Amino acid sequence: MSNKYLGYFTNGLVKENPTLRLVLGTCPTLAVTTAAINGLGMGVSATVVLVCSNLAISLLRNIIPDRVRIPAFITIIAGFVSVVQMLVKAFLPSIDKSLGIFLPLIVVNCIILARAEMFASKNTVLPSVLDGLGMGIGFTAVLTLMGAIREFFGAGSLFSLPITAELIDPMVIFLLPPGGFFVFGMLVAISNAIAKKQGQKPAVHIGCANCPSRGICGKNSCDSAEEVAVNE
């Protein structure tokens, strides 16, 4: 694999990690990571949808009219989400129950729509698949790590296996929303510190500046939300 194609894959792992560097998909990140297995299940499901939708959109990029590209992308993504949801429901009912509404909500996950709009619709099949795979693995890794940390401290277990539950009282706050925000904030801080050491700006995108549909919703509505970079 050439360096160019390797770069498509590795971008989503660290440099442009969708969760820690681009701060996308934070809703499922905070909601489902009360256990490591939940984070892994959500991440793998999103990765499958991301790779398949990138592949399909890349193949159809010259056929889909520009005016309806966003509805078309959402329709394609929704089709793959439905397939993944049915497979999870059939073969992994416990994961389906744990993820709940967040599994079908992969349809509107900012990571998937953003990669469709910003990458797959502008590139050929192989780069699009590698981009989706890298972004998906990066997303999965962060969700699994967050789930592992919260489960370990909040329940004294890891992947449902007791570790410290019988030795010390678990800190249940890690399983509650404040614990999720705390762990997420610490991981983002660590990611920014590493990025700064590597000479990168620890950038955080907010508001319309981070929306994959920015180009179609009107200039004025996006002017008030700028890309923010934390520079010291």
# chains A, B, ... in the order shown; residues from 1 in each chain; ligands from 1
call {"tool": "select_by_dssp", "arguments": {"residues": "range 7-229 of chain A", "states": "alpha helix (DSSP H)", "output": "CSV table (one decimal) with N, CA and C atoms, in the first residue's frame"}}
result
chain,number,residue,atom,x,y,z
A,7,GLY,N,-2.1,7.0,4.1
A,7,GLY,CA,-2.5,8.2,4.8
A,7,GLY,C,-4.0,8.3,4.9
A,8,TYR,N,-4.7,7.9,3.8
A,8,TYR,CA,-6.2,7.9,3.9
A,8,TYR,C,-6.7,7.1,5.1
A,9,PHE,N,-6.0,5.9,5.3
A,9,PHE,CA,-6.5,5.1,6.4
A,9,PHE,C,-6.1,5.6,7.8
A,10,THR,N,-4.9,6.1,7.9
A,10,THR,CA,-4.3,6.5,9.3
A,10,THR,C,-4.9,7.8,9.7
A,26,THR,N,-20.5,13.1,19.3
A,26,THR,CA,-20.4,13.1,20.8
A,26,THR,C,-21.6,12.5,21.5
A,27,CYS,N,-22.8,12.6,20.8
A,27,CYS,CA,-24.0,12.1,21.5
A,27,CYS,C,-23.9,10.6,21.8
A,28,PRO,N,-23.6,9.7,20.8
A,28,PRO,CA,-23.5,8.3,21.2
A,28,PRO,C,-22.2,8.1,22.0
A,29,THR,N,-21.2,8.9,21.8
A,29,THR,CA,-20.0,8.7,22.6
A,29,THR,C,-20.2,8.8,24.1
A,30,LEU,N,-21.1,9.8,24.5
A,30,LEU,CA,-21.4,10.0,25.9
A,30,LEU,C,-22.5,9.1,26.4
A,31,ALA,N,-23.4,8.7,25.5
A,31,ALA,CA,-24.6,8.0,25.9
A,31,ALA,C,-24.4,6.5,26.1
A,36,ALA,N,-17.6,-1.2,28.2
A,36,ALA,CA,-16.7,-1.4,27.1
A,36,ALA,C,-17.4,-2.1,25.9
A,37,ILE,N,-18.2,-3.1,26.2
A,37,ILE,CA,-18.9,-3.9,25.1
A,37,ILE,C,-19.8,-3.0,24.4
A,38,ASN,N,-20.5,-2.1,25.1
A,38,ASN,CA,-21.4,-1.1,24.4
A,38,ASN,C,-20.7,-0.2,23.4
A,39,GLY,N,-19.5,0.3,23.9
A,39,GLY,CA,-18.7,1.1,23.0
A,39,GLY,C,-18.2,0.4,21.8
A,40,LEU,N,-17.8,-0.9,22.0
A,40,LEU,CA,-17.3,-1.7,20.9
A,40,LEU,C,-18.4,-2.0,19.9
A,41,GLY,N,-19.6,-2.3,20.4
A,41,GLY,CA,-20.7,-2.7,19.6
A,41,GLY,C,-21.2,-1.5,18.7
A,42,MET,N,-21.2,-0.3,19.4
A,42,MET,CA,-21.6,0.9,18.6
A,42,MET,C,-20.6,1.3,17.6
A,43,GLY,N,-19.3,1.2,18.0
A,43,GLY,CA,-18.2,1.5,17.1
A,43,GLY,C,-18.2,0.6,15.8
A,44,VAL,N,-18.3,-0.7,16.1
A,44,VAL,CA,-18.3,-1.6,14.9
A,44,VAL,C,-19.5,-1.4,14.0
A,45,SER,N,-20.6,-1.2,14.6
A,45,SER,CA,-21.8,-0.9,13.8
A,45,SER,C,-21.7,0.3,12.9
A,46,ALA,N,-21.2,1.4,13.5
A,46,ALA,CA,-20.9,2.6,12.8
A,46,ALA,C,-19.9,2.4,11.7
A,47,THR,N,-18.9,1.6,12.0
A,47,THR,CA,-17.8,1.4,11.0
A,47,THR,C,-18.3,0.7,9.8
A,48,VAL,N,-19.1,-0.3,10.0
A,48,VAL,CA,-19.7,-1.1,8.9
A,48,VAL,C,-20.5,-0.1,8.0
A,49,VAL,N,-21.4,0.7,8.6
A,49,VAL,CA,-22.2,1.6,7.9
A,49,VAL,C,-21.3,2.6,7.2
A,50,LEU,N,-20.3,3.1,7.8
A,50,LEU,CA,-19.4,4.1,7.3
A,50,LEU,C,-18.7,3.6,6.0
A,51,VAL,N,-18.1,2.4,6.1
A,51,VAL,CA,-17.4,1.8,5.0
A,51,VAL,C,-18.3,1.6,3.8
A,52,CYS,N,-19.5,1.0,4.1
A,52,CYS,CA,-20.4,0.6,3.0
A,52,CYS,C,-21.0,1.9,2.4
A,53,SER,N,-21.4,2.9,3.2
A,53,SER,CA,-21.9,4.1,2.6
A,53,SER,C,-20.9,4.9,1.8
A,54,ASN,N,-19.7,4.9,2.3
A,54,ASN,CA,-18.6,5.6,1.5
A,54,ASN,C,-18.4,4.9,0.2
A,55,LEU,N,-18.4,3.5,0.2
A,55,LEU,CA,-18.3,2.8,-1.0
A,55,LEU,C,-19.4,3.1,-2.0
A,56,ALA,N,-20.6,3.0,-1.5
A,56,ALA,CA,-21.8,3.3,-2.4
A,56,ALA,C,-21.8,4.7,-3.0
A,57,ILE,N,-21.5,5.7,-2.1
A,57,ILE,CA,-21.6,7.1,-2.5
A,57,ILE,C,-20.5,7.4,-3.5
A,58,SER,N,-19.3,6.8,-3.3
A,58,SER,CA,-18.2,7.0,-4.2
A,58,SER,C,-18.5,6.5,-5.6
A,59,LEU,N,-19.2,5.3,-5.6
A,59,LEU,CA,-19.6,4.7,-6.9
A,59,LEU,C,-20.6,5.5,-7.6
A,60,LEU,N,-21.5,6.2,-6.8
A,60,LEU,CA,-22.6,6.9,-7.4
A,60,LEU,C,-22.4,8.4,-7.5
A,69,ARG,N,-28.1,15.8,-3.3
A,69,ARG,CA,-27.0,14.9,-2.8
A,69,ARG,C,-27.2,14.6,-1.3
A,70,ILE,N,-27.6,15.5,-0.4
A,70,ILE,CA,-27.7,15.3,1.0
A,70,ILE,C,-28.9,14.3,1.2
A,71,PRO,N,-30.1,14.5,0.7
A,71,PRO,CA,-31.1,13.5,0.8
A,71,PRO,C,-30.7,12.1,0.3
A,72,ALA,N,-30.0,12.1,-0.8
A,72,ALA,CA,-29.5,10.8,-1.4
A,72,ALA,C,-28.6,10.1,-0.5
A,73,PHE,N,-27.6,10.9,0.1
A,73,PHE,CA,-26.7,10.3,1.0
A,73,PHE,C,-27.4,9.7,2.2
A,74,ILE,N,-28.3,10.5,2.8
A,74,ILE,CA,-29.1,10.0,3.9
A,74,ILE,C,-29.8,8.7,3.6
A,75,THR,N,-30.4,8.6,2.4
A,75,THR,CA,-31.2,7.4,2.0
A,75,THR,C,-30.2,6.2,1.9
A,76,ILE,N,-29.1,6.4,1.3
A,76,ILE,CA,-28.1,5.3,1.2
A,76,ILE,C,-27.6,4.9,2.6
A,77,ILE,N,-27.3,5.9,3.5
A,77,ILE,CA,-26.9,5.6,4.8
A,77,ILE,C,-28.0,4.8,5.6
A,78,ALA,N,-29.2,5.3,5.5
A,78,ALA,CA,-30.3,4.7,6.2
A,78,ALA,C,-30.5,3.2,5.7
A,79,GLY,N,-30.3,2.9,4.5
A,79,GLY,CA,-30.4,1.5,4.0
A,79,GLY,C,-29.4,0.6,4.7
A,80,PHE,N,-28.1,1.1,4.8
A,80,PHE,CA,-27.1,0.2,5.5
A,80,PHE,C,-27.4,0.2,7.0
A,81,VAL,N,-27.9,1.2,7.6
A,81,VAL,CA,-28.2,1.2,9.0
A,81,VAL,C,-29.3,0.2,9.3
A,82,SER,N,-30.3,0.1,8.4
A,82,SER,CA,-31.4,-0.8,8.6
A,82,SER,C,-30.8,-2.3,8.5
A,83,VAL,N,-29.9,-2.5,7.6
A,83,VAL,CA,-29.3,-3.9,7.5
A,83,VAL,C,-28.5,-4.2,8.8
A,84,VAL,N,-27.7,-3.3,9.2
A,84,VAL,CA,-26.9,-3.5,10.4
A,84,VAL,C,-27.8,-3.7,11.6
A,85,GLN,N,-28.8,-2.9,11.8
A,85,GLN,CA,-29.8,-3.0,12.9
A,85,GLN,C,-30.4,-4.4,12.9
A,86,MET,N,-30.9,-4.8,11.8
A,86,MET,CA,-31.5,-6.2,11.7
A,86,MET,C,-30.5,-7.3,12.1
A,87,LEU,N,-29.3,-7.2,11.6
A,87,LEU,CA,-28.3,-8.2,12.0
A,87,LEU,C,-28.0,-8.2,13.5
A,88,VAL,N,-27.8,-7.0,14.0
A,88,VAL,CA,-27.5,-6.9,15.5
A,88,VAL,C,-28.7,-7.4,16.3
A,89,LYS,N,-29.9,-7.1,15.9
A,89,LYS,CA,-31.1,-7.5,16.6
A,89,LYS,C,-31.3,-9.1,16.5
A,90,ALA,N,-30.8,-9.6,15.4
A,90,ALA,CA,-31.0,-11.1,15.2
A,90,ALA,C,-29.9,-11.9,15.9
A,91,PHE,N,-28.6,-11.4,15.9
A,91,PHE,CA,-27.5,-12.2,16.4
A,91,PHE,C,-26.9,-11.7,17.7
A,93,PRO,N,-28.8,-9.7,20.4
A,93,PRO,CA,-29.9,-9.0,21.0
A,93,PRO,C,-29.5,-8.2,22.3
A,94,SER,N,-28.5,-8.7,23.0
A,94,SER,CA,-28.1,-7.9,24.2
A,94,SER,C,-27.5,-6.6,23.9
A,95,ILE,N,-26.7,-6.6,22.8
A,95,ILE,CA,-26.1,-5.3,22.3
A,95,ILE,C,-27.2,-4.4,21.8
A,96,ASP,N,-28.1,-5.0,21.1
A,96,ASP,CA,-29.3,-4.2,20.5
A,96,ASP,C,-30.0,-3.5,21.6
A,97,LYS,N,-30.3,-4.3,22.7
A,97,LYS,CA,-31.0,-3.7,23.9
A,97,LYS,C,-30.2,-2.6,24.6
A,98,SER,N,-28.9,-2.8,24.7
A,98,SER,CA,-28.0,-1.8,25.4
A,98,SER,C,-27.9,-0.5,24.6
A,99,LEU,N,-27.8,-0.7,23.3
A,99,LEU,CA,-27.6,0.5,22.4
A,99,LEU,C,-29.0,1.3,22.2
A,110,CYS,N,-23.0,12.4,12.7
A,110,CYS,CA,-22.3,13.5,12.0
A,110,CYS,C,-21.1,12.9,11.3
A,111,ILE,N,-20.4,11.9,11.8
A,111,ILE,CA,-19.2,11.4,11.2
A,111,ILE,C,-19.5,10.8,9.9
A,112,ILE,N,-20.6,10.0,9.8
A,112,ILE,CA,-20.9,9.3,8.5
A,112,ILE,C,-21.3,10.3,7.5
A,113,LEU,N,-22.2,11.2,7.8
A,113,LEU,CA,-22.7,12.2,6.8
A,113,LEU,C,-21.5,13.1,6.4
A,114,ALA,N,-20.7,13.5,7.4
A,114,ALA,CA,-19.5,14.4,7.0
A,114,ALA,C,-18.6,13.7,6.1
A,115,ARG,N,-18.2,12.4,6.3
A,115,ARG,CA,-17.3,11.7,5.4
A,115,ARG,C,-18.0,11.5,4.0
A,116,ALA,N,-19.3,11.3,4.0
A,116,ALA,CA,-19.9,11.2,2.7
A,116,ALA,C,-19.9,12.5,1.9
A,117,GLU,N,-20.1,13.6,2.6
A,117,GLU,CA,-20.1,14.9,1.9
A,117,GLU,C,-18.7,15.4,1.6
A,118,MET,N,-17.8,15.2,2.5
A,118,MET,CA,-16.5,15.8,2.4
A,118,MET,C,-15.5,14.9,1.7
A,125,VAL,N,-13.2,4.9,-5.3
A,125,VAL,CA,-13.7,3.9,-4.3
A,125,VAL,C,-12.6,3.5,-3.3
A,126,LEU,N,-11.4,3.2,-3.7
A,126,LEU,CA,-10.4,2.7,-2.7
A,126,LEU,C,-10.1,3.7,-1.6
A,127,PRO,N,-9.8,5.0,-2.0
A,127,PRO,CA,-9.6,6.0,-0.9
A,127,PRO,C,-10.8,6.2,0.0
A,128,SER,N,-12.0,6.1,-0.6
A,128,SER,CA,-13.2,6.3,0.2
A,128,SER,C,-13.4,5.2,1.2
A,129,VAL,N,-13.1,3.9,0.8
A,129,VAL,CA,-13.2,2.8,1.7
A,129,VAL,C,-12.2,2.9,2.8
A,130,LEU,N,-11.0,3.2,2.4
A,130,LEU,CA,-9.9,3.4,3.4
A,130,LEU,C,-10.2,4.5,4.4
A,131,ASP,N,-10.7,5.6,3.9
A,131,ASP,CA,-11.1,6.7,4.8
A,131,ASP,C,-12.2,6.3,5.8
A,132,GLY,N,-13.2,5.6,5.3
A,132,GLY,CA,-14.3,5.1,6.1
A,132,GLY,C,-13.8,4.1,7.2
A,133,LEU,N,-12.9,3.2,6.7
A,133,LEU,CA,-12.3,2.2,7.7
A,133,LEU,C,-11.5,2.9,8.8
A,134,GLY,N,-10.6,3.8,8.4
A,134,GLY,CA,-9.8,4.5,9.3
A,134,GLY,C,-10.6,5.3,10.3
A,135,MET,N,-11.6,6.1,9.8
A,135,MET,CA,-12.5,6.9,10.7
A,135,MET,C,-13.3,6.0,11.6
A,136,GLY,N,-13.8,4.8,11.1
A,136,GLY,CA,-14.6,3.9,11.9
A,136,GLY,C,-13.7,3.3,13.0
A,137,ILE,N,-12.5,2.9,12.7
A,137,ILE,CA,-11.7,2.2,13.7
A,137,ILE,C,-11.3,3.3,14.8
A,138,GLY,N,-11.0,4.5,14.3
A,138,GLY,CA,-10.7,5.5,15.3
A,138,GLY,C,-11.9,5.8,16.2
A,139,PHE,N,-13.1,5.9,15.7
A,139,PHE,CA,-14.3,6.1,16.4
A,139,PHE,C,-14.5,4.9,17.4
A,140,THR,N,-14.3,3.7,16.9
A,140,THR,CA,-14.5,2.5,17.7
A,140,THR,C,-13.5,2.4,18.9
A,141,ALA,N,-12.3,2.8,18.6
A,141,ALA,CA,-11.2,2.7,19.6
A,141,ALA,C,-11.5,3.7,20.8
A,142,VAL,N,-12.0,4.9,20.4
A,142,VAL,CA,-12.3,5.9,21.5
A,142,VAL,C,-13.5,5.4,22.3
A,143,LEU,N,-14.6,4.9,21.6
A,143,LEU,CA,-15.7,4.5,22.4
A,143,LEU,C,-15.4,3.3,23.3
A,144,THR,N,-14.6,2.4,22.8
A,144,THR,CA,-14.3,1.2,23.6
A,144,THR,C,-13.4,1.6,24.8
A,145,LEU,N,-12.5,2.6,24.5
A,145,LEU,CA,-11.6,3.0,25.6
A,145,LEU,C,-12.4,3.8,26.7
A,146,MET,N,-13.3,4.7,26.2
A,146,MET,CA,-14.2,5.4,27.2
A,146,MET,C,-15.1,4.4,28.0
A,147,GLY,N,-15.6,3.4,27.3
A,147,GLY,CA,-16.5,2.4,27.9
A,147,GLY,C,-15.7,1.6,29.0
A,148,ALA,N,-14.4,1.3,28.6
A,148,ALA,CA,-13.6,0.5,29.5
A,148,ALA,C,-13.3,1.3,30.8
A,149,ILE,N,-12.9,2.6,30.6
A,149,ILE,CA,-12.6,3.4,31.8
A,149,ILE,C,-13.8,3.6,32.7
A,150,ARG,N,-14.9,3.9,32.1
A,150,ARG,CA,-16.1,4.1,32.9
A,150,ARG,C,-16.6,2.9,33.6
A,151,GLU,N,-16.5,1.7,32.9
A,151,GLU,CA,-16.9,0.5,33.5
A,151,GLU,C,-16.0,0.1,34.6
A,152,PHE,N,-14.7,0.2,34.4
A,152,PHE,CA,-13.7,-0.2,35.4
A,152,PHE,C,-13.9,0.6,36.7
A,153,PHE,N,-14.0,1.9,36.5
A,153,PHE,CA,-14.1,2.7,37.8
A,153,PHE,C,-15.6,2.8,38.3
A,154,GLY,N,-16.5,2.6,37.4
A,154,GLY,CA,-17.9,2.7,37.8
A,154,GLY,C,-18.6,1.4,38.3
A,155,ALA,N,-18.1,0.3,37.8
A,155,ALA,CA,-18.6,-1.0,38.1
A,155,ALA,C,-17.6,-2.0,38.6
A,177,PRO,N,-24.0,10.6,33.6
A,177,PRO,CA,-23.6,11.6,32.7
A,177,PRO,C,-22.4,12.4,33.1
A,178,PRO,N,-22.3,12.9,34.4
A,178,PRO,CA,-21.1,13.7,34.7
A,178,PRO,C,-19.8,12.9,34.5
A,179,GLY,N,-19.8,11.6,34.8
A,179,GLY,CA,-18.7,10.7,34.6
A,179,GLY,C,-18.3,10.6,33.1
A,180,GLY,N,-19.3,10.6,32.3
A,180,GLY,CA,-19.1,10.5,30.8
A,180,GLY,C,-18.4,11.8,30.3
A,181,PHE,N,-18.9,12.9,30.8
A,181,PHE,CA,-18.3,14.2,30.4
A,181,PHE,C,-16.9,14.3,30.9
A,182,PHE,N,-16.6,13.9,32.1
A,182,PHE,CA,-15.3,13.9,32.7
A,182,PHE,C,-14.3,13.1,31.9
A,183,VAL,N,-14.6,11.9,31.6
A,183,VAL,CA,-13.7,11.0,30.9
A,183,VAL,C,-13.5,11.5,29.5
A,184,PHE,N,-14.6,12.0,28.8
A,184,PHE,CA,-14.4,12.5,27.5
A,184,PHE,C,-13.5,13.8,27.5
A,185,GLY,N,-13.8,14.6,28.5
A,185,GLY,CA,-12.9,15.8,28.5
A,185,GLY,C,-11.5,15.5,28.8
A,186,MET,N,-11.2,14.5,29.6
A,186,MET,CA,-9.8,14.1,29.9
A,186,MET,C,-9.1,13.6,28.6
A,187,LEU,N,-9.9,12.8,27.9
A,187,LEU,CA,-9.3,12.2,26.6
A,187,LEU,C,-9.1,13.2,25.6
A,188,VAL,N,-10.0,14.2,25.5
A,188,VAL,CA,-9.8,15.3,24.5
A,188,VAL,C,-8.6,16.1,24.9
A,189,ALA,N,-8.4,16.4,26.2
A,189,ALA,CA,-7.2,17.1,26.7
A,189,ALA,C,-5.9,16.4,26.4
A,190,ILE,N,-5.9,15.1,26.6
A,190,ILE,CA,-4.7,14.3,26.3
A,190,ILE,C,-4.4,14.4,24.8
A,191,SER,N,-5.5,14.2,24.0
A,191,SER,CA,-5.3,14.3,22.6
A,191,SER,C,-4.8,15.6,22.1
A,192,ASN,N,-5.3,16.7,22.7
A,192,ASN,CA,-4.8,18.0,22.3
A,192,ASN,C,-3.3,18.2,22.7
A,193,ALA,N,-3.0,17.7,23.9
A,193,ALA,CA,-1.6,17.8,24.4
A,193,ALA,C,-0.6,17.1,23.4
A,194,ILE,N,-1.1,15.9,23.0
A,194,ILE,CA,-0.2,15.1,22.0
A,194,ILE,C,-0.1,15.9,20.7
A,195,ALA,N,-1.2,16.4,20.2
A,195,ALA,CA,-1.2,17.1,19.0
A,195,ALA,C,-0.3,18.4,19.0
A,196,LYS,N,-0.4,19.0,20.2
A,196,LYS,CA,0.5,20.2,20.3
A,196,LYS,C,2.0,19.9,20.3
A,197,LYS,N,2.3,18.7,20.9
A,197,LYS,CA,3.7,18.3,20.9
A,197,LYS,C,4.2,17.9,19.5
A,220,ASN,N,-25.2,33.1,5.5
A,220,ASN,CA,-25.3,33.9,6.7
A,220,ASN,C,-25.5,33.0,8.0
A,221,SER,N,-26.2,31.9,7.8
A,221,SER,CA,-26.4,31.0,9.0
A,221,SER,C,-25.1,30.4,9.5
A,222,CYS,N,-24.1,30.4,8.7
A,222,CYS,CA,-22.8,29.8,9.1
A,222,CYS,C,-21.8,30.8,9.6
A,223,ASP,N,-22.0,32.0,9.2
A,223,ASP,CA,-20.9,33.0,9.5
A,223,ASP,C,-20.7,33.2,10.9
call {"tool": "select_by_dssp", "arguments": {"residues": "range 9-169 of chain A", "states": "strand (DSSP E)", "output": "PyMOL selection string"}}
result
chain A and resi 157-158+161-162
call {"tool": "decode", "arguments": {"residues": "range 55-88 of chain A", "atoms": "N, CA and C atoms", "output": "mmCIF file, in the first residue's frame"}}
result
data_model
loop_
_atom_site.group_PDB
_atom_site.id
_atom_site.type_symbol
_atom_site.label_atom_id
_atom_site.label_comp_id
_atom_site.auth_asym_id
_atom_site.auth_seq_id
_atom_site.Cartn_x
_atom_site.Cartn_y
_atom_site.Cartn_z
ATOM 1 N N LEU A 55 -18.419 3.543 0.211
ATOM 2 C CA LEU A 55 -18.258 2.770 -1.022
ATOM 3 C C LEU A 55 -19.376 3.097 -2.009
ATOM 4 N N ALA A 56 -20.616 3.042 -1.542
ATOM 5 C CA ALA A 56 -21.761 3.281 -2.429
ATOM 6 C C ALA A 56 -21.779 4.710 -2.952
ATOM 7 N N ILE A 57 -21.525 5.654 -2.080
ATOM 8 C CA ILE A 57 -21.571 7.067 -2.490
ATOM 9 C C ILE A 57 -20.453 7.392 -3.459
ATOM 10 N N SER A 58 -19.282 6.787 -3.251
ATOM 11 C CA SER A 58 -18.177 7.002 -4.183
ATOM 12 C C SER A 58 -18.516 6.461 -5.572
ATOM 13 N N LEU A 59 -19.165 5.296 -5.616
ATOM 14 C CA LEU A 59 -19.558 4.705 -6.902
ATOM 15 C C LEU A 59 -20.616 5.544 -7.612
ATOM 16 N N LEU A 60 -21.487 6.191 -6.836
ATOM 17 C CA LEU A 60 -22.614 6.937 -7.404
ATOM 18 C C LEU A 60 -22.366 8.447 -7.479
ATOM 19 N N ARG A 61 -21.160 8.885 -7.144
ATOM 20 C CA ARG A 61 -20.911 10.324 -6.993
ATOM 21 C C ARG A 61 -21.140 11.111 -8.281
ATOM 22 N N ASN A 62 -20.948 10.484 -9.438
ATOM 23 C CA ASN A 62 -21.146 11.186 -10.712
ATOM 24 C C ASN A 62 -22.571 11.061 -11.239
ATOM 25 N N ILE A 63 -23.386 10.299 -10.515
ATOM 26 C CA ILE A 63 -24.773 10.089 -10.938
ATOM 27 C C ILE A 63 -25.745 10.916 -10.103
ATOM 28 N N ILE A 64 -25.452 11.070 -8.816
ATOM 29 C CA ILE A 64 -26.349 11.788 -7.914
ATOM 30 C C ILE A 64 -26.329 13.281 -8.229
ATOM 31 N N PRO A 65 -27.462 13.888 -8.540
ATOM 32 C CA PRO A 65 -27.501 15.337 -8.814
ATOM 33 C C PRO A 65 -27.075 16.134 -7.579
ATOM 34 N N ASP A 66 -26.375 17.207 -7.815
ATOM 35 C CA ASP A 66 -25.844 17.998 -6.710
ATOM 36 C C ASP A 66 -26.944 18.538 -5.801
ATOM 37 N N ARG A 67 -28.090 18.900 -6.389
ATOM 38 C CA ARG A 67 -29.182 19.499 -5.617
ATOM 39 C C ARG A 67 -29.765 18.551 -4.567
ATOM 40 N N VAL A 68 -29.704 17.265 -4.839
ATOM 41 C CA VAL A 68 -30.337 16.300 -3.930
ATOM 42 C C VAL A 68 -29.296 15.379 -3.279
ATOM 43 N N ARG A 69 -28.064 15.816 -3.266
ATOM 44 C CA ARG A 69 -27.019 14.917 -2.779
ATOM 45 C C ARG A 69 -27.197 14.564 -1.293
ATOM 46 N N ILE A 70 -27.583 15.545 -0.447
ATOM 47 C CA ILE A 70 -27.742 15.265 0.977
ATOM 48 C C ILE A 70 -28.877 14.270 1.231
ATOM 49 N N PRO A 71 -30.094 14.478 0.659
ATOM 50 C CA PRO A 71 -31.141 13.461 0.820
ATOM 51 C C PRO A 71 -30.720 12.100 0.271
ATOM 52 N N ALA A 72 -29.993 12.102 -0.843
ATOM 53 C CA ALA A 72 -29.538 10.837 -1.419
ATOM 54 C C ALA A 72 -28.552 10.141 -0.485
ATOM 55 N N PHE A 73 -27.629 10.915 0.092
ATOM 56 C CA PHE A 73 -26.654 10.336 1.022
ATOM 57 C C PHE A 73 -27.372 9.732 2.232
ATOM 58 N N ILE A 74 -28.332 10.470 2.761
ATOM 59 C CA ILE A 74 -29.056 9.989 3.948
ATOM 60 C C ILE A 74 -29.833 8.713 3.624
ATOM 61 N N THR A 75 -30.415 8.647 2.424
ATOM 62 C CA THR A 75 -31.151 7.441 2.019
ATOM 63 C C THR A 75 -30.227 6.237 1.936
ATOM 64 N N ILE A 76 -29.053 6.432 1.339
ATOM 65 C CA ILE A 76 -28.074 5.349 1.238
ATOM 66 C C ILE A 76 -27.626 4.896 2.623
ATOM 67 N N ILE A 77 -27.302 5.874 3.478
ATOM 68 C CA ILE A 77 -26.857 5.553 4.841
ATOM 69 C C ILE A 77 -27.954 4.821 5.599
ATOM 70 N N ALA A 78 -29.202 5.285 5.452
ATOM 71 C CA ALA A 78 -30.325 4.664 6.153
ATOM 72 C C ALA A 78 -30.506 3.204 5.741
ATOM 73 N N GLY A 79 -30.266 2.913 4.473
ATOM 74 C CA GLY A 79 -30.380 1.539 4.003
ATOM 75 C C GLY A 79 -29.388 0.623 4.699
ATOM 76 N N PHE A 80 -28.143 1.063 4.794
ATOM 77 C CA PHE A 80 -27.118 0.248 5.462
ATOM 78 C C PHE A 80 -27.367 0.167 6.971
ATOM 79 N N VAL A 81 -27.857 1.237 7.563
ATOM 80 C CA VAL A 81 -28.173 1.209 8.996
ATOM 81 C C VAL A 81 -29.270 0.183 9.274
ATOM 82 N N SER A 82 -30.269 0.126 8.405
ATOM 83 C CA SER A 82 -31.358 -0.842 8.582
ATOM 84 C C SER A 82 -30.830 -2.274 8.539
ATOM 85 N N VAL A 83 -29.911 -2.539 7.612
ATOM 86 C CA VAL A 83 -29.324 -3.875 7.508
ATOM 87 C C VAL A 83 -28.541 -4.215 8.776
ATOM 88 N N VAL A 84 -27.698 -3.274 9.223
ATOM 89 C CA VAL A 84 -26.897 -3.497 10.431
ATOM 90 C C VAL A 84 -27.797 -3.698 11.642
ATOM 91 N N GLN A 85 -28.839 -2.883 11.751
ATOM 92 C CA GLN A 85 -29.758 -2.998 12.887
ATOM 93 C C GLN A 85 -30.438 -4.357 12.922
ATOM 94 N N MET A 86 -30.864 -4.849 11.767
ATOM 95 C CA MET A 86 -31.509 -6.161 11.722
ATOM 96 C C MET A 86 -30.538 -7.278 12.084
ATOM 97 N N LEU A 87 -29.292 -7.165 11.641
ATOM 98 C CA LEU A 87 -28.289 -8.177 11.966
ATOM 99 C C LEU A 87 -27.978 -8.186 13.464
ATOM 100 N N VAL A 88 -27.823 -6.994 14.038
ATOM 101 C CA VAL A 88 -27.546 -6.904 15.474
ATOM 102 C C VAL A 88 -28.720 -7.439 16.272
#
